[in-house]
>>> print(open('protein_25.txt').read())   # compact mmCIF, C-alpha atoms
# COMPACT_ATOMS: atom_id res chain seq x y z
CA MET A 202 -17.54 7.82 5.38
CA ASP A 203 -20.52 5.67 6.27
CA GLN A 204 -19.56 2.12 7.18
CA ASN A 205 -23.07 0.66 7.35
CA ILE A 206 -23.12 -3.07 6.74
CA PRO A 207 -24.23 -3.78 3.13
CA ILE A 208 -27.60 -5.51 2.86
CA TRP A 209 -26.11 -8.19 0.60
CA LEU A 210 -23.61 -9.24 3.32
CA ASN A 211 -25.85 -12.03 4.58
CA GLU A 212 -26.04 -15.81 4.99
CA SER A 213 -26.48 -16.43 1.28
CA PHE A 214 -23.43 -14.33 0.37
CA LEU A 215 -21.23 -15.98 3.00
CA ALA A 216 -22.32 -19.49 1.99
CA THR A 217 -21.47 -18.72 -1.64
CA ALA A 218 -18.04 -17.36 -0.65
CA LEU A 219 -17.16 -20.35 1.54
CA GLN A 220 -18.57 -22.98 -0.84
CA ARG A 221 -15.64 -22.55 -3.21
CA GLY A 222 -13.27 -25.47 -2.86
CA GLU A 223 -15.83 -27.76 -1.23
CA LYS A 224 -17.46 -30.67 -3.05
CA GLU A 225 -20.57 -29.46 -4.81
CA GLU A 226 -22.72 -32.08 -3.13
CA ASN A 227 -21.37 -31.14 0.30
CA GLU A 228 -23.22 -27.88 0.73
CA ILE A 229 -22.21 -25.35 3.39
CA SER A 230 -24.82 -24.13 5.85
CA ILE A 231 -24.35 -20.98 7.89
CA VAL A 232 -25.09 -21.55 11.58
CA ASP A 233 -24.30 -18.02 12.76
CA TYR A 234 -22.27 -14.97 11.77
CA ALA A 235 -21.26 -11.59 13.17
CA VAL A 236 -20.13 -8.50 11.24
CA GLU A 237 -18.31 -5.39 12.46
CA PRO A 238 -16.23 -2.60 10.87
CA ALA A 239 -12.59 -3.68 10.67
CA THR A 240 -10.93 -0.25 10.54
CA SER A 241 -11.34 3.29 11.82
CA LEU A 242 -11.32 6.41 9.67
CA GLY A 243 -7.87 7.22 8.35
CA SER A 244 -6.79 3.57 8.20
CA ASN A 245 -8.12 2.93 4.70
CA TYR A 246 -9.32 5.65 2.35
CA SER A 247 -10.43 3.71 -0.71
CA SER A 248 -12.58 0.94 0.79
CA TYR A 249 -14.84 -0.15 3.61
CA LEU A 250 -13.51 -3.13 5.53
CA PHE A 251 -15.70 -5.48 7.54
CA ARG A 252 -14.58 -8.28 9.84
CA VAL A 253 -16.87 -11.31 9.73
CA ARG A 254 -16.85 -14.36 11.99
CA VAL A 255 -18.78 -17.20 10.37
CA VAL A 256 -19.87 -20.41 12.09
CA HIS A 257 -20.80 -22.99 9.48
CA THR A 258 -21.23 -26.68 8.91
CA LEU A 259 -21.10 -29.10 5.99
CA GLN A 260 -24.18 -30.95 4.92
CA ASP A 261 -22.84 -34.39 5.92
CA SER A 262 -21.23 -33.21 9.18
CA ASN A 263 -22.60 -32.49 12.63
CA GLN A 264 -19.54 -30.46 13.63
CA ASN A 265 -19.40 -26.68 13.39
CA SER A 266 -16.42 -24.86 11.91
CA THR A 267 -15.49 -21.20 12.31
CA THR A 268 -13.95 -19.05 9.58
CA CYS A 269 -12.85 -15.45 10.05
CA LEU A 270 -13.04 -13.20 7.01
CA ILE A 271 -12.35 -9.65 5.87
CA ILE A 272 -14.84 -8.23 3.37
CA LYS A 273 -13.44 -5.33 1.36
CA VAL A 274 -15.93 -3.07 -0.41
CA PRO A 275 -14.62 -0.28 -2.68
CA ILE A 276 -15.74 3.32 -2.22
CA THR A 277 -17.41 4.47 -5.44
CA GLU A 278 -18.30 8.08 -4.63
CA GLY A 279 -16.32 11.33 -4.68
CA PHE A 280 -12.68 11.16 -5.70
CA PHE A 281 -12.66 7.39 -6.18
CA LYS A 282 -15.71 7.60 -8.44
CA GLU A 283 -13.70 9.93 -10.66
CA MET A 284 -10.77 7.55 -10.58
CA SER A 285 -12.93 4.58 -11.53
CA GLN A 286 -14.37 6.50 -14.48
CA LEU A 287 -10.87 7.16 -15.81
CA VAL A 288 -9.14 3.85 -15.00
CA ASP A 289 -10.23 0.48 -13.63
CA TYR A 290 -8.83 1.42 -10.23
CA PHE A 291 -10.40 -1.43 -8.27
CA GLY A 292 -10.23 -4.11 -10.94
CA ARG A 293 -6.64 -5.25 -10.48
CA GLU A 294 -6.87 -6.29 -6.83
CA PRO A 295 -9.23 -9.24 -7.50
CA ILE A 296 -6.78 -10.35 -10.21
CA MET A 297 -3.89 -10.14 -7.77
CA TYR A 298 -5.61 -12.14 -5.03
CA GLY A 299 -7.42 -14.60 -7.23
CA ASN A 300 -4.65 -15.40 -9.72
CA ARG A 301 -1.28 -13.66 -9.44
CA LEU A 302 -0.50 -14.22 -5.76
CA PRO A 303 -1.27 -17.95 -6.12
CA ILE A 304 1.05 -18.06 -9.16
CA MET A 305 3.78 -16.37 -7.13
CA PHE A 306 3.21 -18.79 -4.25
CA ASN A 307 3.61 -21.75 -6.59
CA LYS A 308 6.84 -20.24 -7.87
CA ILE A 309 8.56 -19.65 -4.51
CA ASN A 310 6.35 -21.30 -1.87
CA HIS A 311 5.88 -18.02 -0.02
CA GLU A 312 2.54 -16.39 0.81
CA PHE A 313 2.76 -12.63 0.25
CA GLY A 314 -0.79 -11.90 1.35
CA PRO A 315 -3.98 -13.38 2.78
CA LYS A 316 -5.84 -16.10 0.94
CA SER A 317 -8.92 -15.07 -1.00
CA PHE A 318 -12.36 -16.66 -1.30
CA HIS A 319 -14.89 -16.64 -4.08
CA CYS A 320 -16.94 -13.44 -4.37
CA PRO A 321 -19.95 -13.04 -6.68
CA ILE A 322 -19.92 -9.21 -6.52
CA LYS A 323 -17.60 -7.30 -8.84
CA ASN A 324 -14.54 -5.72 -7.18
CA VAL A 325 -15.61 -6.84 -3.69
CA LEU A 326 -13.04 -9.03 -1.97
CA VAL A 327 -13.49 -11.84 0.53
CA LEU A 328 -10.19 -12.46 2.28
CA GLU A 329 -8.74 -14.54 5.07
CA ASP A 330 -8.64 -12.56 8.32
CA LEU A 331 -4.96 -12.66 9.22
CA LYS A 332 -5.77 -11.48 12.74
CA ALA A 333 -7.32 -14.86 13.43
CA ALA A 334 -4.00 -16.47 12.42
CA GLY A 335 -2.08 -14.36 14.95
CA TYR A 336 -0.98 -11.50 12.67
CA VAL A 337 -0.98 -7.89 13.94
CA VAL A 338 -1.10 -4.60 12.03
CA GLY A 339 1.94 -2.34 12.45
CA ASP A 340 1.63 0.73 14.65
CA LYS A 341 1.51 3.83 12.44
CA ILE A 342 1.98 6.06 15.49
CA LYS A 343 5.20 4.45 16.77
CA GLN A 344 6.21 3.45 13.22
CA LEU A 345 8.41 0.44 12.55
CA ASP A 346 11.77 -0.31 14.14
CA TYR A 347 14.72 -1.95 12.40
CA PRO A 348 13.72 -5.63 12.86
CA HIS A 349 10.27 -4.95 11.37
CA CYS A 350 11.76 -2.93 8.50
CA GLU A 351 14.30 -5.64 7.83
CA MET A 352 11.54 -8.24 7.58
CA VAL A 353 9.59 -6.02 5.17
CA MET A 354 12.67 -5.36 3.01
CA LYS A 355 13.45 -9.09 2.76
CA THR A 356 9.84 -9.89 1.87
CA LEU A 357 9.63 -7.08 -0.68
CA ALA A 358 12.84 -8.39 -2.25
CA LYS A 359 11.30 -11.87 -2.58
CA PHE A 360 8.07 -10.38 -3.97
CA HIS A 361 9.95 -8.33 -6.55
CA ALA A 362 12.24 -11.19 -7.58
CA THR A 363 9.33 -13.62 -7.89
CA SER A 364 7.49 -11.17 -10.14
CA VAL A 365 10.50 -11.17 -12.48
CA ALA A 366 10.51 -14.97 -12.61
CA CYS A 367 6.76 -15.12 -13.27
CA TYR A 368 7.11 -12.55 -16.03
CA HIS A 369 9.77 -14.75 -17.64
CA ASP A 370 7.27 -17.62 -17.61
CA GLY A 371 4.84 -15.51 -19.63
CA GLU A 372 4.43 -11.81 -20.32
CA GLN A 373 0.69 -12.18 -19.67
CA PHE A 374 1.55 -12.32 -15.96
CA LEU A 375 1.51 -8.51 -15.97
CA ASP A 376 -1.77 -8.17 -17.89
CA GLY A 377 -4.25 -6.08 -15.94
CA ILE A 378 -1.95 -5.41 -12.97
CA CYS A 379 0.98 -3.31 -14.16
CA SER A 380 -0.33 -0.13 -15.78
CA GLU A 381 -0.03 3.02 -13.69
CA ASN A 382 -3.41 4.08 -12.27
CA PHE A 383 -2.56 7.40 -10.62
CA PHE A 384 0.61 9.14 -11.87
CA PHE A 385 0.21 8.99 -15.65
CA ASP A 386 -0.03 11.41 -18.56
CA GLY A 387 -3.60 12.55 -19.12
CA ALA A 388 -4.77 11.87 -15.57
CA LEU A 389 -6.22 15.36 -15.17
CA PRO A 390 -8.47 14.63 -12.14
CA PHE A 391 -5.55 13.08 -10.24
CA LYS A 392 -3.23 15.88 -11.31
CA SER A 393 -5.71 18.54 -10.12
CA PHE A 394 -6.24 16.77 -6.80
CA THR A 395 -2.53 16.24 -6.16
CA GLU A 396 -1.48 19.75 -7.10
CA GLY A 397 -4.32 21.27 -5.07
CA PHE A 398 -3.31 19.21 -2.05
CA MET A 399 0.36 20.14 -2.47
CA LYS A 400 -0.60 23.82 -2.50
CA HIS A 401 -2.30 23.37 0.87
CA TYR A 402 0.78 21.56 2.15
CA SER A 403 3.03 24.37 0.95
CA ASP A 404 0.86 26.94 2.72
CA ALA A 405 1.10 24.91 5.96
CA LEU A 406 4.91 24.64 6.10
CA ASP A 407 5.27 27.44 8.64
CA ASP A 408 2.68 25.86 10.94
CA LEU A 409 4.31 22.44 10.56
CA GLY A 410 7.56 23.74 12.03
CA VAL A 411 9.93 22.59 9.28
CA ASP A 412 13.18 24.52 8.94
CA ASP A 413 13.83 27.20 6.34
CA ARG A 414 16.17 25.05 4.22
CA PHE A 415 13.46 22.44 3.65
CA LYS A 416 10.97 25.19 2.80
CA GLU A 417 13.35 26.37 0.10
CA ILE A 418 13.72 22.84 -1.26
CA PHE A 419 9.99 22.19 -1.27
CA HIS A 420 9.04 25.51 -2.84
CA SER A 421 11.63 24.96 -5.59
CA ARG A 422 10.22 21.51 -6.41
CA VAL A 423 6.49 21.70 -5.69
CA GLY A 424 5.55 22.90 -9.18
CA LYS A 425 7.37 19.96 -10.74
CA LEU A 426 6.31 17.14 -8.44
CA TRP A 427 3.43 15.88 -10.58
CA GLU A 428 5.68 15.55 -13.62
CA SER A 429 8.33 13.87 -11.44
CA GLY A 430 5.74 11.39 -10.19
CA VAL A 431 4.65 10.55 -13.74
CA ALA A 432 8.27 10.03 -14.80
CA ALA A 433 9.11 7.93 -11.73
CA CYS A 434 6.16 5.57 -12.26
CA LYS A 435 7.12 4.63 -15.81
CA PRO A 436 9.20 1.48 -16.32
CA LYS A 437 12.91 2.13 -16.74
CA LYS A 438 14.19 1.86 -20.30
CA ARG A 439 17.31 0.12 -19.03
CA GLY A 440 17.93 -1.88 -15.88
CA LEU A 441 15.74 -3.89 -13.54
CA ASN A 442 11.97 -3.40 -13.48
CA VAL A 443 9.75 -5.36 -11.10
CA LEU A 444 6.11 -5.56 -10.09
CA ASN A 445 5.79 -3.04 -7.26
CA HIS A 446 3.18 -3.44 -4.54
CA GLY A 447 2.55 0.31 -4.90
CA ASP A 448 1.08 1.13 -1.49
CA VAL A 449 3.38 -0.62 0.96
CA TRP A 450 3.13 1.08 4.37
CA SER A 451 2.60 -0.09 7.93
CA ASN A 452 -1.22 -0.23 7.80
CA ASN A 453 -1.10 -2.36 4.65
CA MET A 454 0.85 -5.19 6.26
CA MET A 455 0.52 -7.52 9.22
CA PHE A 456 3.27 -9.12 11.29
CA LYS A 457 3.53 -12.40 13.13
CA TYR A 458 5.72 -12.98 16.20
CA ASP A 459 7.29 -15.93 18.00
CA SER A 460 6.85 -16.65 21.72
CA CYS A 461 9.70 -14.25 22.55
CA GLY A 462 8.14 -11.35 20.65
CA ASN A 463 10.49 -11.51 17.66
CA VAL A 464 8.94 -10.75 14.28
CA VAL A 465 8.98 -13.89 12.11
CA ASP A 466 6.73 -13.05 9.15
CA VAL A 467 4.93 -10.26 7.35
CA LYS A 468 2.12 -10.34 4.82
CA PHE A 469 0.97 -7.51 2.57
CA PHE A 470 -2.52 -6.50 1.49
CA ASP A 471 -4.15 -3.67 -0.52
CA TYR A 472 -2.89 -4.61 -3.98
CA GLN A 473 -4.83 -2.00 -5.96
CA ARG A 474 -1.84 0.22 -6.78
CA THR A 475 0.54 -2.36 -8.32
CA ARG A 476 2.84 -0.98 -10.99
CA PHE A 477 5.75 -2.20 -13.12
CA GLY A 478 8.89 -0.12 -12.62
CA SER A 479 11.99 0.50 -10.56
CA PRO A 480 12.02 -1.39 -7.25
CA VAL A 481 13.04 1.77 -5.40
CA LEU A 482 9.49 3.08 -5.80
CA ASP A 483 8.37 0.54 -3.20
CA LEU A 484 11.49 0.94 -1.08
CA ILE A 485 11.19 4.72 -0.78
CA TYR A 486 7.43 4.52 -0.25
CA PHE A 487 7.82 2.03 2.57
CA LEU A 488 10.66 3.72 4.43
CA TRP A 489 9.34 7.27 4.24
CA THR A 490 5.85 6.28 5.37
CA SER A 491 6.76 3.68 7.97
CA GLY A 492 10.36 3.73 9.24
CA ASN A 493 10.89 5.15 12.72
CA SER A 494 13.39 7.88 13.55
CA GLU A 495 16.31 5.51 14.21
CA VAL A 496 15.77 3.73 10.90
CA MET A 497 15.51 6.94 8.89
CA GLU A 498 18.41 8.70 10.59
CA SER A 499 21.02 5.96 10.67
CA ARG A 500 19.98 2.62 9.13
CA GLN A 501 18.64 3.30 5.63
CA LYS A 502 21.81 2.14 3.86
CA GLU A 503 21.83 -1.04 5.92
CA LEU A 504 18.27 -1.81 4.86
CA TYR A 505 19.00 -1.13 1.20
CA SER A 506 21.86 -3.63 1.42
CA VAL A 507 19.57 -6.21 3.04
CA TYR A 508 17.07 -5.67 0.24
CA ARG A 509 19.64 -5.97 -2.56
CA ASP A 510 21.28 -9.09 -1.11
CA THR A 511 17.91 -10.82 -0.68
CA LEU A 512 16.71 -9.73 -4.12
CA ASN A 513 19.80 -11.02 -5.91
CA SER A 514 19.92 -14.30 -3.99
CA THR A 515 16.22 -14.90 -4.75
CA LEU A 516 16.72 -14.08 -8.44
CA GLU A 517 19.55 -16.65 -8.46
CA LEU A 518 17.36 -19.20 -6.69
CA LEU A 519 14.65 -18.70 -9.33
CA ASP A 520 17.15 -19.07 -12.21
CA CYS A 521 16.78 -15.44 -13.32
CA GLU A 522 19.77 -13.75 -14.95
CA GLU A 523 18.89 -10.27 -13.71
CA ARG A 524 20.74 -8.72 -10.79
CA LEU A 525 20.53 -5.31 -9.10
CA SER A 526 23.98 -3.82 -8.70
CA GLU A 527 24.84 -1.41 -5.92
CA GLU A 528 25.51 1.23 -8.58
CA GLU A 529 22.06 0.81 -10.20
CA LEU A 530 20.33 0.92 -6.82
CA GLN A 531 22.17 4.10 -5.86
CA GLN A 532 21.45 5.68 -9.23
CA ASP A 533 17.74 4.90 -8.90
CA LEU A 534 17.65 6.40 -5.41
CA GLU A 535 19.39 9.57 -6.58
CA SER A 536 16.97 9.96 -9.49
CA ASN A 537 13.93 9.58 -7.25
CA THR A 538 14.46 12.23 -4.58
CA ASP A 539 11.28 13.93 -5.85
CA TRP A 540 9.42 10.64 -5.37
CA ALA A 541 10.49 10.75 -1.71
CA LEU A 542 9.10 14.29 -1.47
CA ILE A 543 5.78 13.14 -2.92
CA VAL A 544 5.61 10.28 -0.44
CA MET A 545 6.61 12.25 2.66
CA CYS A 546 4.30 15.20 1.92
CA PHE A 547 1.34 13.82 -0.01
CA VAL A 548 1.13 10.18 1.10
CA VAL A 549 2.25 10.59 4.72
CA THR A 550 -0.31 13.33 5.32
CA PHE A 551 -3.05 10.80 4.60
CA THR A 552 -1.50 7.88 6.43
CA VAL A 553 -0.90 9.66 9.75
CA ALA A 554 -4.35 11.24 9.98
CA GLU A 555 -6.12 10.54 13.26
CA PRO A 556 -9.76 9.35 13.01
CA ASP A 557 -11.13 12.78 13.93
CA SER A 558 -9.12 14.51 11.20
CA ALA A 559 -9.14 11.93 8.38
CA LEU A 560 -10.35 13.16 5.00
CA ASP A 561 -13.80 12.11 3.82
CA MET A 562 -12.88 10.91 0.33
CA GLU A 563 -16.53 10.43 -0.63
CA ALA A 564 -17.08 14.17 -0.19
CA ILE A 565 -13.91 15.36 -1.95
CA SER A 566 -13.36 15.48 -5.68
CA SER A 567 -10.60 16.91 -7.83
CA LYS A 568 -13.05 19.59 -8.92
CA ASN A 569 -13.75 20.95 -5.45
CA VAL A 570 -10.50 20.36 -3.59
CA GLU A 571 -10.17 24.13 -3.23
CA ASN A 572 -13.58 24.78 -1.67
CA ASP A 573 -13.95 25.86 1.94
CA ASN A 574 -15.12 22.49 3.26
CA ASN A 575 -12.23 20.57 1.77
CA ARG A 576 -9.73 23.26 2.64
CA ASN A 577 -10.86 22.89 6.25
CA GLN A 578 -10.60 19.09 6.08
CA ILE A 579 -7.05 19.23 4.76
CA HIS A 580 -6.15 21.88 7.34
CA ARG A 581 -7.32 19.54 10.11
CA VAL A 582 -5.13 16.73 8.79
CA LEU A 583 -2.08 18.97 8.52
CA ASN A 584 -2.66 20.24 12.06
CA GLY A 585 -2.99 16.80 13.62
CA ASN A 586 -0.72 16.02 16.57
CA LEU A 587 1.13 13.25 14.76
CA MET A 588 1.67 15.36 11.66
CA LYS A 589 3.10 18.21 13.75
CA THR A 590 5.65 15.77 15.21
CA LEU A 591 6.43 13.83 12.06
CA ALA A 592 6.74 16.58 9.43
CA PRO A 593 9.79 18.34 10.99
CA ARG A 594 11.56 15.02 11.54
CA LEU A 595 10.95 13.87 7.96
CA ALA A 596 12.15 17.23 6.68
CA ARG A 597 15.44 16.77 8.58
CA ASN A 598 15.74 13.18 7.37
CA TYR A 599 15.17 14.28 3.78
CA GLN A 600 17.88 16.93 3.89
CA GLN A 601 20.30 14.46 5.50
CA TRP A 602 19.48 11.84 2.86
CA VAL A 603 19.87 14.22 -0.07
CA ASN A 604 23.12 15.59 1.34
CA SER A 605 24.50 12.06 1.70
CA MET A 606 24.07 11.63 -2.05
CA GLY A 607 25.88 14.88 -2.78
CA LYS A 608 22.82 16.58 -4.27
>>> encode(input="protein_25.txt", output="C-alpha cells")
Amino acid sequence: MDQNIPIWLNESFLATALQRGEKEENEISIVDYAVEPATSLGSNYSSYLFRVRVVHTLQDSNQNSTTCLIIKVPITEGFFKEMSQLVDYFGREPIMYGNRLPIMFNKINHEFGPKSFHCPIKNVLVLEDLKAAGYVVGDKIKQLDYPHCEMVMKTLAKFHATSVACYHDGEQFLDGICSENFFFDGALPFKSFTEGFMKHYSDALDDLGVDDRFKEIFHSRVGKLWESGVAACKPKKRGLNVLNHGDVWSNNMMFKYDSCGNVVDVKFFDYQRTRFGSPVLDLIYFLWTSGNSEVMESRQKELYSVYRDTLNSTLELLDCEERLSEEELQQDLESNTDWALIVMCFVVTFTVAEPDSALDMEAISSKNVENDNNRNQIHRVLNGNLMKTLAPRLARNYQQWVNSMGK
C-alpha cells in the first residue's frame, strides 16, 4: 500500500474544507500546513489516512488559528475495487458523517464520532482529528480491559437506541446506510475471498496451536460460515433491530481519560460497514476482536447486562416502546455462534496483523486469493507473533462460551 500524499491535498483543498460554516465574505486563508500518514500498515485496510495540521486565518482577522484534521481516502484498487463495482462500499460513510450522526446528536446530545468538514471530492472524508482533543486509540496488542469495554458497551447501547428513535422519526433515516455490503446473497467476489481465506485459516490450525476440540468445531462449520454470515446480517423478522456500526473494534475507536487515568468517553469512526439487524452483531464483533483475556474468560455476561440495561434505559428516555429482554438477547447470542467464529478467525486475523505482515489489499482480489503471492501473504499474517498468542486463547474462550450456552 502506497501512502503517498495526493496531489490535490493542497492549500486550495484545505481552504475549501474549512470554509464551510464561515461567512462567505470572511474567506479563509491558509498560512501553513503539514501532512503525514496517520496510520501504519495493518491499522486500516480500506483507506489511506493522513493527519493534517492547518494554520489559517480569516480575512478580517490578524490572528492565526490551528485546526487538526484527518483526511480519509478510499482504496480503489484490488479487492476494494471489486467491492465498489458490486456495491457502493464507500458511499455510506459520507452520509453517516455528514447527515446521520448530526441527526443522532440532535436526538440525544451525544457525539458518537468526530465532526466532519466539507469535502469536494467524492467519498473522501475530512474529519476532526480526535487526537488533538486528547483522544487516544485503543491498544490492539494489549486489547481492552473491563473499564474500556464497559464504556464501549454503554456507548454502543446509546448508539443503537438512538438509531431506533431516529428511525421512528422517519424511515428515510436508514436510506443509503443500512443495506448489507459484504455478507449478502449474490456477493460472489466476497464469497470467494472469504471462503478462500477460511481455507488458509483451516490449513494453519495446527501451526496456530489450537486444541483438537476446536479443530473439530471449526472443520465442521467452515463450509457453512459464509451462509451463516449472510443469514446473521439480515434483519430479524421478529424482535429488536438496530443500526449496527458494523466494524467496531479497538482501532476504530478513540478514548478520552480524566486526570487520574480513568476512561471517560469513547468515540467511534469507520462507518462504512453499517447494517440494520440484531444488536448482537456489534456486541460479538467488538468483544471477540477487542476484549482482553480477563474480559473474555469471566466478564462477558456482566458486559451484556451493562449493554442491555443502558439500551433499555436509553430507549425509555427517547420515548421508544421497544425493549431488549434478557431472553431475546440470549437467544440472539445462541443463534450467532457462527458469527463469532467468523469474527475470531476472519476478522481478527486482519486486525492483529503487524505492519510487516499486513495484507496488501490493493494487490489481492477474490480471483487470485489462491495464488502463490497471496498465499504467502496470508501465511505471514497467520504466523505473526500476536496471532500465535491470540488464536489459542480465542479458541479456548469460544469453547467455554459455547459450552456455557449448552450447545
>>> residues_around(input="protein_25.txt", residues="Asn300 in chain A", least_positions_apart="3", cutoff="12 Å", atoms="all atoms listed in the file", output="VMD selection string")
chain A and resid 293 to 297 303 to 307 316 to 319 367 373 to 378
>>> atom_distance(input="protein_25.txt", atom1="CA of Phe469 in chain A", atom2="CA of Gly314 in chain A")
4.9 Å
>>> atom_distance(input="protein_25.txt", atom1="CA of Phe313 in chain A", atom2="CA of Ser514 in chain A")
17.8 Å
>>> closest_residue(input="protein_25.txt", among="A:Gln260, A:Leu250, A:Phe291, A:Thr363", to="Glu517 in chain A", atoms="only C-alpha atoms")
A:Thr363
>>> closest_atom_pairs(input="protein_25.txt", of="range 483-545 of chain A", to="range 341-351 of chain A", cutoff="10 Å", atoms="only C-alpha atoms", output="tab-separated table")
residue	atom	partner	partner_atom	distance
A:Phe487	CA	A:Cys350	CA	8.7
A:Leu488	CA	A:Cys350	CA	7.9
A:Thr490	CA	A:Gln344	CA	8.4
A:Ser491	CA	A:Gln344	CA	5.3
A:Gly492	CA	A:Leu345	CA	5.1
A:Asn493	CA	A:Gln344	CA	5.0
A:Ser494	CA	A:Asp346	CA	8.4
A:Glu495	CA	A:Asp346	CA	7.4
A:Val496	CA	A:Tyr347	CA	6.0
A:Met497	CA	A:Tyr347	CA	9.6
A:Arg500	CA	A:Tyr347	CA	7.7
A:Gln501	CA	A:Tyr347	CA	9.4
A:Glu503	CA	A:Glu351	CA	9.0
A:Leu504	CA	A:Glu351	CA	6.3
A:Tyr505	CA	A:Glu351	CA	9.3
A:Val507	CA	A:Glu351	CA	7.1
A:Tyr508	CA	A:Glu351	CA	8.1
>>> residues_near_point(input="protein_25.txt", point="(5.0, -13.6, 4.8)", cutoff="7 Å", atoms="only C-alpha atoms", output="PDB file with C-alpha atoms, in the frame of the given file")
ATOM      1  CA  HIS A 311       5.880 -18.020  -0.020  1.00  0.00           C
ATOM      2  CA  GLU A 312       2.540 -16.390   0.810  1.00  0.00           C
ATOM      3  CA  PHE A 313       2.760 -12.630   0.250  1.00  0.00           C
ATOM      4  CA  GLY A 314      -0.790 -11.900   1.350  1.00  0.00           C
ATOM      5  CA  THR A 356       9.840  -9.890   1.870  1.00  0.00           C
ATOM      6  CA  ASP A 466       6.730 -13.050   9.150  1.00  0.00           C
ATOM      7  CA  VAL A 467       4.930 -10.260   7.350  1.00  0.00           C
ATOM      8  CA  LYS A 468       2.120 -10.340   4.820  1.00  0.00           C
TER       9      LYS A 468
END
>>> atom_distance(input="protein_25.txt", atom1="CA of Gly462 in chain A", atom2="CA of Asp340 in chain A")
15.0 Å
>>> closest_residue(input="protein_25.txt", among="A:Trp450, A:Phe394, A:Tyr336, A:Phe251", to="Asp471 in chain A", atoms="all atoms listed in the file")
A:Trp450
>>> axis_aligned_box(input="protein_25.txt", around="range 482-488 of chain A", padding_each_side="8 Å", output="lines of an AutoDock Vina configuration file")
center_x = 9.5
center_y = 2.6
center_z = -0.7
size_x = 20.1
size_y = 20.2
size_z = 26.2
>>> decode(input="protein_25.txt", residues="range 361-374 of chain A", atoms="N, CA and C atoms", output="PDB file, in the first residue's frame")
ATOM      1  N   HIS A 361     -27.221   2.414  19.398  1.00  0.00           N
ATOM      2  CA  HIS A 361     -28.282   1.547  18.895  1.00  0.00           C
ATOM      3  C   HIS A 361     -29.658   2.100  19.230  1.00  0.00           C
ATOM      4  N   ALA A 362     -29.847   2.513  20.475  1.00  0.00           N
ATOM      5  CA  ALA A 362     -31.156   3.032  20.895  1.00  0.00           C
ATOM      6  C   ALA A 362     -31.512   4.298  20.124  1.00  0.00           C
ATOM      7  N   THR A 363     -30.535   5.172  19.923  1.00  0.00           N
ATOM      8  CA  THR A 363     -30.796   6.418  19.201  1.00  0.00           C
ATOM      9  C   THR A 363     -31.168   6.134  17.754  1.00  0.00           C
ATOM     10  N   SER A 364     -30.579   5.109  17.166  1.00  0.00           N
ATOM     11  CA  SER A 364     -30.929   4.750  15.786  1.00  0.00           C
ATOM     12  C   SER A 364     -32.387   4.318  15.692  1.00  0.00           C
ATOM     13  N   VAL A 365     -32.871   3.635  16.716  1.00  0.00           N
ATOM     14  CA  VAL A 365     -34.287   3.225  16.742  1.00  0.00           C
ATOM     15  C   VAL A 365     -35.187   4.454  16.798  1.00  0.00           C
ATOM     16  N   ALA A 366     -34.840   5.402  17.656  1.00  0.00           N
ATOM     17  CA  ALA A 366     -35.641   6.620  17.788  1.00  0.00           C
ATOM     18  C   ALA A 366     -35.638   7.430  16.490  1.00  0.00           C
ATOM     19  N   CYS A 367     -34.487   7.527  15.844  1.00  0.00           N
ATOM     20  CA  CYS A 367     -34.404   8.276  14.586  1.00  0.00           C
ATOM     21  C   CYS A 367     -35.184   7.587  13.482  1.00  0.00           C
ATOM     22  N   TYR A 368     -35.190   6.277  13.482  1.00  0.00           N
ATOM     23  CA  TYR A 368     -35.977   5.516  12.512  1.00  0.00           C
ATOM     24  C   TYR A 368     -37.467   5.764  12.730  1.00  0.00           C
ATOM     25  N   HIS A 369     -37.892   5.878  13.985  1.00  0.00           N
ATOM     26  CA  HIS A 369     -39.291   6.194  14.272  1.00  0.00           C
ATOM     27  C   HIS A 369     -39.676   7.572  13.719  1.00  0.00           C
ATOM     28  N   ASP A 370     -38.716   8.496  13.731  1.00  0.00           N
ATOM     29  CA  ASP A 370     -38.993   9.840  13.214  1.00  0.00           C
ATOM     30  C   ASP A 370     -39.190   9.844  11.706  1.00  0.00           C
ATOM     31  N   GLY A 371     -38.615   8.860  11.033  1.00  0.00           N
ATOM     32  CA  GLY A 371     -38.763   8.763   9.581  1.00  0.00           C
ATOM     33  C   GLY A 371     -37.951   7.608   9.041  1.00  0.00           C
ATOM     34  N   GLU A 372     -38.603   6.721   8.287  1.00  0.00           N
ATOM     35  CA  GLU A 372     -37.912   5.536   7.788  1.00  0.00           C
ATOM     36  C   GLU A 372     -36.758   5.893   6.857  1.00  0.00           C
ATOM     37  N   GLN A 373     -36.777   7.110   6.308  1.00  0.00           N
ATOM     38  CA  GLN A 373     -35.693   7.523   5.410  1.00  0.00           C
ATOM     39  C   GLN A 373     -34.370   7.659   6.144  1.00  0.00           C
ATOM     40  N   PHE A 374     -34.392   7.644   7.467  1.00  0.00           N
ATOM     41  CA  PHE A 374     -33.146   7.691   8.237  1.00  0.00           C
ATOM     42  C   PHE A 374     -32.201   6.579   7.813  1.00  0.00           C
TER      43      PHE A 374
END
